[in-house]
file my_file-v2.pdb (PDB, C-alpha atoms)
ATOM      1  CA  LYS A 804     -15.631  -5.181 -20.333  1.00  0.00           C
ATOM      2  CA  THR A 805     -12.394  -3.518 -19.319  1.00  0.00           C
ATOM      3  CA  ARG A 806     -10.281  -5.740 -17.096  1.00  0.00           C
ATOM      4  CA  GLY A 807      -7.562  -4.822 -14.663  1.00  0.00           C
ATOM      5  CA  ALA A 808      -8.917  -1.885 -12.678  1.00  0.00           C
ATOM      6  CA  GLN A 809     -11.234  -2.943  -9.881  1.00  0.00           C
ATOM      7  CA  GLY A 810     -13.700  -0.927  -7.849  1.00  0.00           C
ATOM      8  CA  THR A 811     -16.285  -1.395  -5.164  1.00  0.00           C
ATOM      9  CA  ILE A 812     -20.051  -1.177  -5.529  1.00  0.00           C
ATOM     10  CA  ARG A 813     -21.747  -0.382  -2.225  1.00  0.00           C
ATOM     11  CA  VAL A 814     -25.426  -1.354  -2.196  1.00  0.00           C
ATOM     12  CA  ASP A 815     -27.259   0.678   0.460  1.00  0.00           C
ATOM     13  CA  ASN A 816     -30.608  -0.929   1.335  1.00  0.00           C
ATOM     14  CA  ARG A 817     -33.007   1.628   2.804  1.00  0.00           C
ATOM     15  CA  THR A 818     -36.008  -0.691   2.910  1.00  0.00           C
ATOM     16  CA  ASN A 819     -37.541  -3.264   5.256  1.00  0.00           C
ATOM     17  CA  TRP A 820     -36.835  -6.126   2.827  1.00  0.00           C
ATOM     18  CA  TYR A 821     -34.042  -8.555   2.113  1.00  0.00           C
ATOM     19  CA  ILE A 822     -32.805  -7.768  -1.386  1.00  0.00           C
ATOM     20  CA  ASP A 823     -30.980 -10.017  -3.866  1.00  0.00           C
ATOM     21  CA  VAL A 824     -28.334  -8.167  -5.889  1.00  0.00           C
ATOM     22  CA  TYR A 825     -27.214  -9.079  -9.418  1.00  0.00           C
ATOM     23  CA  VAL A 826     -24.230  -7.683 -11.314  1.00  0.00           C
ATOM     24  CA  ASP A 827     -24.106  -8.445 -15.029  1.00  0.00           C
ATOM     25  CA  ARG A 828     -26.960 -10.966 -14.521  1.00  0.00           C
ATOM     26  CA  GLN A 829     -24.990 -12.931 -11.931  1.00  0.00           C
ATOM     27  CA  TYR A 830     -26.244 -13.240  -8.361  1.00  0.00           C
ATOM     28  CA  ARG A 831     -23.730 -11.514  -6.088  1.00  0.00           C
ATOM     29  CA  GLY A 832     -25.393 -11.615  -2.690  1.00  0.00           C
ATOM     30  CA  GLN A 833     -28.215 -10.502  -0.452  1.00  0.00           C
ATOM     31  CA  VAL A 834     -28.403  -7.341   1.629  1.00  0.00           C
ATOM     32  CA  GLY A 835     -30.586  -7.247   4.722  1.00  0.00           C
ATOM     33  CA  PRO A 836     -33.067  -4.538   5.740  1.00  0.00           C
ATOM     34  CA  TRP A 837     -31.375  -1.186   6.386  1.00  0.00           C
ATOM     35  CA  GLY A 838     -27.989  -2.778   5.642  1.00  0.00           C
ATOM     36  CA  ASP A 839     -25.151  -2.502   3.171  1.00  0.00           C
ATOM     37  CA  ILE A 840     -23.235  -4.950   1.011  1.00  0.00           C
ATOM     38  CA  TYR A 841     -19.919  -4.268  -0.683  1.00  0.00           C
ATOM     39  CA  LEU A 842     -19.198  -5.952  -4.010  1.00  0.00           C
ATOM     40  CA  TYR A 843     -15.869  -5.908  -5.835  1.00  0.00           C
ATOM     41  CA  ASN A 844     -16.244  -5.448  -9.561  1.00  0.00           C
ATOM     42  CA  ALA A 845     -14.028  -4.825 -12.580  1.00  0.00           C
ATOM     43  CA  CYS A 846     -14.319  -1.294 -13.920  1.00  0.00           C
ATOM     44  CA  GLY A 847     -16.147  -0.845 -17.214  1.00  0.00           C
ATOM     45  CA  ALA A 848     -19.643  -1.344 -18.571  1.00  0.00           C
ATOM     46  CA  THR A 849     -21.748  -2.974 -15.858  1.00  0.00           C
ATOM     47  CA  SER A 850     -25.441  -3.746 -15.324  1.00  0.00           C
ATOM     48  CA  LEU A 851     -27.005  -3.642 -11.847  1.00  0.00           C
ATOM     49  CA  TYR A 852     -30.307  -5.237 -10.877  1.00  0.00           C
ATOM     50  CA  ALA A 853     -31.912  -5.999  -7.516  1.00  0.00           C
ATOM     51  CA  GLU A 854     -35.149  -7.572  -6.325  1.00  0.00           C
ATOM     52  CA  ALA A 855     -36.885  -8.231  -3.040  1.00  0.00           C
ATOM     53  CA  PRO A 856     -37.902 -11.931  -3.179  1.00  0.00           C
ATOM     54  CA  GLY A 857     -41.581 -12.572  -2.487  1.00  0.00           C
ATOM     55  CA  THR A 858     -42.565  -8.999  -3.355  1.00  0.00           C
ATOM     56  CA  ASP A 859     -43.202  -7.006  -6.513  1.00  0.00           C
ATOM     57  CA  TYR A 860     -40.278  -4.678  -5.788  1.00  0.00           C
ATOM     58  CA  PHE A 861     -37.211  -4.465  -8.022  1.00  0.00           C
ATOM     59  CA  TRP A 862     -34.573  -1.898  -8.912  1.00  0.00           C
ATOM     60  CA  GLY A 863     -32.892  -1.495 -12.287  1.00  0.00           C
ATOM     61  CA  PRO A 864     -31.539  -2.673 -14.464  1.00  0.00           C
ATOM     62  CA  GLN A 865     -29.128   0.240 -14.430  1.00  0.00           C
ATOM     63  CA  SER A 866     -26.229   0.294 -16.839  1.00  0.00           C
ATOM     64  CA  GLY A 867     -23.051   2.314 -16.641  1.00  0.00           C
ATOM     65  CA  ASP A 868     -19.443   2.354 -15.540  1.00  0.00           C
ATOM     66  CA  PHE A 869     -19.881   1.552 -11.859  1.00  0.00           C
ATOM     67  CA  CYS A 870     -16.186   1.340 -10.981  1.00  0.00           C
ATOM     68  CA  SER A 871     -16.678   2.722  -7.466  1.00  0.00           C
ATOM     69  CA  THR A 872     -20.153   3.840  -6.526  1.00  0.00           C
ATOM     70  CA  THR A 873     -22.982   3.652  -4.014  1.00  0.00           C
ATOM     71  CA  TRP A 874     -26.325   2.335  -5.256  1.00  0.00           C
ATOM     72  CA  THR A 875     -29.083   3.352  -2.823  1.00  0.00           C
ATOM     73  CA  LEU A 876     -32.267   1.255  -2.899  1.00  0.00           C
ATOM     74  CA  ARG A 877     -35.459   2.875  -1.588  1.00  0.00           C
ATOM     75  CA  ASN A 878     -39.106   1.844  -1.677  1.00  0.00           C
TER      76      ASN A 878
END
call {"tool": "encode", "arguments": {"input": "my_file-v2.pdb", "output": "C-alpha cells"}}
result
Amino acid sequence: KTRGAQGTIRVDNRTNWYIDVYVDRQYRGQVGPWGDIYLYNACGATSLYAEAPGTDYFWGPQSGDFCSTTWTLRN
C-alpha cells in the first residue's frame, strides 16, 4: 500500500440500519441510519466492506484506490 498521501472515505448510509464499516479488514466504525461517517485512509489499494449486524445485508468487498471517495450504501 502506498503511504504518505492521505484521503477521506465518506460512507453514506441510505438505509434504516446501523452499519459496521471495515477498511482492509479492520473495523473502522459504525454509521447510523441515514447518516454519514468520514474515515481517513492512506491512498493506494484498499478494500471496503460493510455489514448491518443482525441482518443478512452486506456491501462489498470492493477493491480499488479509494483515496478520496464517497461510498453510498443502499438496500
call {"tool": "resolve_selection", "arguments": {"input": "my_file-v2.pdb", "expression": "the PyMOL selection byres ((chain A and resi 855) around 10)", "output": "ChimeraX atom specification"}}
result
/A:818-824,833-834,853-854,856-862
call {"tool": "write_last_selection", "arguments": {"input": "my_file-v2.pdb", "atoms": "C-alpha atoms", "output": "compact mmCIF listing (two decimals), keeping the file's coordinate frame"}}
result
# COMPACT_ATOMS: atom_id res chain seq x y z
CA THR A 818 -36.01 -0.69 2.91
CA ASN A 819 -37.54 -3.26 5.26
CA TRP A 820 -36.84 -6.13 2.83
CA TYR A 821 -34.04 -8.56 2.11
CA ILE A 822 -32.80 -7.77 -1.39
CA ASP A 823 -30.98 -10.02 -3.87
CA VAL A 824 -28.33 -8.17 -5.89
CA GLN A 833 -28.22 -10.50 -0.45
CA VAL A 834 -28.40 -7.34 1.63
CA ALA A 853 -31.91 -6.00 -7.52
CA GLU A 854 -35.15 -7.57 -6.32
CA PRO A 856 -37.90 -11.93 -3.18
CA GLY A 857 -41.58 -12.57 -2.49
CA THR A 858 -42.56 -9.00 -3.36
CA ASP A 859 -43.20 -7.01 -6.51
CA TYR A 860 -40.28 -4.68 -5.79
CA PHE A 861 -37.21 -4.46 -8.02
CA TRP A 862 -34.57 -1.90 -8.91
call {"tool": "resolve_selection", "arguments": {"input": "my_file-v2.pdb", "expression": "the PyMOL selection byres ((chain A and resi 873-878) around 8)", "output": "MDAnalysis selection string"}}
result
chainID A and resid 812:818 860 862 871:872
call {"tool": "resolve_selection", "arguments": {"input": "my_file-v2.pdb", "expression": "the PyMOL selection byres ((chain A and resi 809) around 6)", "output": "list in words"}}
result
Ala808, Gly810, Asn844, Ala845 and Cys846 of chain A
call {"tool": "atom_distance", "arguments": {"input": "my_file-v2.pdb", "atom1": "atom CA of A:Gly835", "atom2": "atom CA of A:Asp868"}}
result
25.0 Å
call {"tool": "closest_residue", "arguments": {"input": "my_file-v2.pdb", "among": "A:Trp837, A:Gly832, A:Gly863, A:Cys870", "to": "A:Leu851", "atoms": "only C-alpha atoms"}}
result
A:Gly863
call {"tool": "atom_distance", "arguments": {"input": "my_file-v2.pdb", "atom1": "atom CA of A:Gly867", "atom2": "atom CA of A:Arg828"}}
result
14.0 Å
call {"tool": "residues_near_point", "arguments": {"input": "my_file-v2.pdb", "point": "(-22.3, 0.0, -18.8)", "cutoff": "9 Å", "atoms": "all atoms listed in the file", "output": "list in words"}}
result
Lys804, Gly847, Ala848, Thr849, Ser850, Gln865, Ser866, Gly867, Asp868 and Phe869 of chain A
call {"tool": "axis_aligned_box", "arguments": {"input": "my_file-v2.pdb", "around": "stretch 814-832 of chain A", "padding_each_side": "4 Å", "output": "JSON"}}
result
{"center_x": -30.6, "center_y": -5.8, "center_z": -4.9, "size_x": 21.8, "size_y": 22.9, "size_z": 28.3}
call {"tool": "build_atoms", "arguments": {"input": "my_file-v2.pdb", "residues": "stretch 816-827 of chain A", "atoms": "all heavy atoms", "output": "compact mmCIF listing (two decimals), in the coordinates of the input"}}
result
# COMPACT_ATOMS: atom_id res chain seq x y z
N ASN A 816 -29.20 -0.54 1.27
CA ASN A 816 -30.61 -0.93 1.34
C ASN A 816 -31.33 -0.07 2.36
O ASN A 816 -31.10 -0.20 3.56
CB ASN A 816 -30.71 -2.41 1.70
CG ASN A 816 -32.14 -2.90 1.77
OD1 ASN A 816 -33.09 -2.17 1.50
ND2 ASN A 816 -32.31 -4.15 2.14
N ARG A 817 -32.23 0.78 1.91
CA ARG A 817 -33.01 1.63 2.80
C ARG A 817 -34.47 1.20 2.80
O ARG A 817 -35.38 2.03 2.73
CB ARG A 817 -32.86 3.08 2.40
CG ARG A 817 -31.42 3.54 2.53
CD ARG A 817 -31.29 5.00 2.60
NE ARG A 817 -29.87 5.35 2.74
CZ ARG A 817 -29.44 6.58 2.71
NH1 ARG A 817 -30.28 7.58 2.55
NH2 ARG A 817 -28.16 6.82 2.83
N THR A 818 -34.66 -0.13 2.88
CA THR A 818 -36.01 -0.69 2.91
C THR A 818 -36.11 -1.70 4.05
O THR A 818 -35.11 -2.01 4.70
CB THR A 818 -36.36 -1.42 1.60
OG1 THR A 818 -35.68 -2.68 1.56
CG2 THR A 818 -36.00 -0.60 0.37
N ASN A 819 -37.30 -2.24 4.25
CA ASN A 819 -37.54 -3.26 5.26
C ASN A 819 -37.37 -4.68 4.71
O ASN A 819 -37.68 -5.64 5.40
CB ASN A 819 -38.97 -3.13 5.81
CG ASN A 819 -39.14 -1.88 6.63
OD1 ASN A 819 -38.26 -1.50 7.40
ND2 ASN A 819 -40.27 -1.21 6.46
N TRP A 820 -36.90 -4.82 3.47
CA TRP A 820 -36.84 -6.13 2.83
C TRP A 820 -35.40 -6.63 2.68
O TRP A 820 -34.45 -5.86 2.63
CB TRP A 820 -37.45 -6.07 1.43
CG TRP A 820 -38.86 -5.63 1.42
CD1 TRP A 820 -39.93 -6.25 2.00
CD2 TRP A 820 -39.37 -4.45 0.83
NE1 TRP A 820 -41.07 -5.54 1.79
CE2 TRP A 820 -40.76 -4.42 1.06
CE3 TRP A 820 -38.81 -3.41 0.10
CZ2 TRP A 820 -41.59 -3.41 0.61
CZ3 TRP A 820 -39.63 -2.39 -0.34
CH2 TRP A 820 -40.99 -2.41 -0.08
N TYR A 821 -35.28 -7.94 2.56
CA TYR A 821 -34.04 -8.56 2.11
C TYR A 821 -34.02 -8.43 0.60
O TYR A 821 -35.04 -8.67 -0.06
CB TYR A 821 -33.97 -10.02 2.52
CG TYR A 821 -33.72 -10.20 3.99
CD1 TYR A 821 -34.76 -10.24 4.89
CD2 TYR A 821 -32.41 -10.30 4.48
CE1 TYR A 821 -34.53 -10.38 6.25
CE2 TYR A 821 -32.17 -10.44 5.83
CZ TYR A 821 -33.23 -10.48 6.71
OH TYR A 821 -32.98 -10.62 8.05
N ILE A 822 -32.89 -8.05 0.05
CA ILE A 822 -32.80 -7.77 -1.39
C ILE A 822 -31.66 -8.56 -2.00
O ILE A 822 -30.53 -8.53 -1.51
CB ILE A 822 -32.62 -6.26 -1.64
CG1 ILE A 822 -33.84 -5.50 -1.13
CG2 ILE A 822 -32.38 -5.99 -3.12
CD1 ILE A 822 -33.73 -4.00 -1.25
N ASP A 823 -31.98 -9.29 -3.09
CA ASP A 823 -30.98 -10.02 -3.87
C ASP A 823 -30.37 -9.07 -4.89
O ASP A 823 -31.09 -8.35 -5.58
CB ASP A 823 -31.61 -11.20 -4.59
CG ASP A 823 -32.07 -12.30 -3.64
OD1 ASP A 823 -31.55 -12.35 -2.51
OD2 ASP A 823 -32.94 -13.09 -4.03
N VAL A 824 -29.05 -9.09 -5.01
CA VAL A 824 -28.33 -8.17 -5.89
C VAL A 824 -27.65 -8.95 -7.00
O VAL A 824 -26.99 -9.97 -6.75
CB VAL A 824 -27.29 -7.35 -5.10
CG1 VAL A 824 -26.55 -6.40 -6.01
CG2 VAL A 824 -27.95 -6.59 -3.95
N TYR A 825 -27.80 -8.46 -8.23
CA TYR A 825 -27.21 -9.08 -9.42
C TYR A 825 -26.32 -8.06 -10.13
O TYR A 825 -26.71 -6.91 -10.31
CB TYR A 825 -28.30 -9.54 -10.39
CG TYR A 825 -29.22 -10.58 -9.80
CD1 TYR A 825 -30.29 -10.22 -8.99
CD2 TYR A 825 -29.00 -11.93 -10.04
CE1 TYR A 825 -31.13 -11.19 -8.43
CE2 TYR A 825 -29.83 -12.90 -9.50
CZ TYR A 825 -30.89 -12.52 -8.70
OH TYR A 825 -31.71 -13.47 -8.15
N VAL A 826 -25.14 -8.50 -10.52
CA VAL A 826 -24.23 -7.68 -11.31
C VAL A 826 -23.97 -8.45 -12.60
O VAL A 826 -23.55 -9.61 -12.57
CB VAL A 826 -22.91 -7.41 -10.56
CG1 VAL A 826 -21.95 -6.62 -11.43
CG2 VAL A 826 -23.18 -6.69 -9.24
N ASP A 827 -24.25 -7.81 -13.72
CA ASP A 827 -24.11 -8.44 -15.03
C ASP A 827 -24.83 -9.79 -15.07
O ASP A 827 -24.29 -10.81 -15.51
CB ASP A 827 -22.63 -8.61 -15.40
CG ASP A 827 -21.97 -7.26 -15.64
OD1 ASP A 827 -22.66 -6.30 -16.03
OD2 ASP A 827 -20.75 -7.16 -15.42
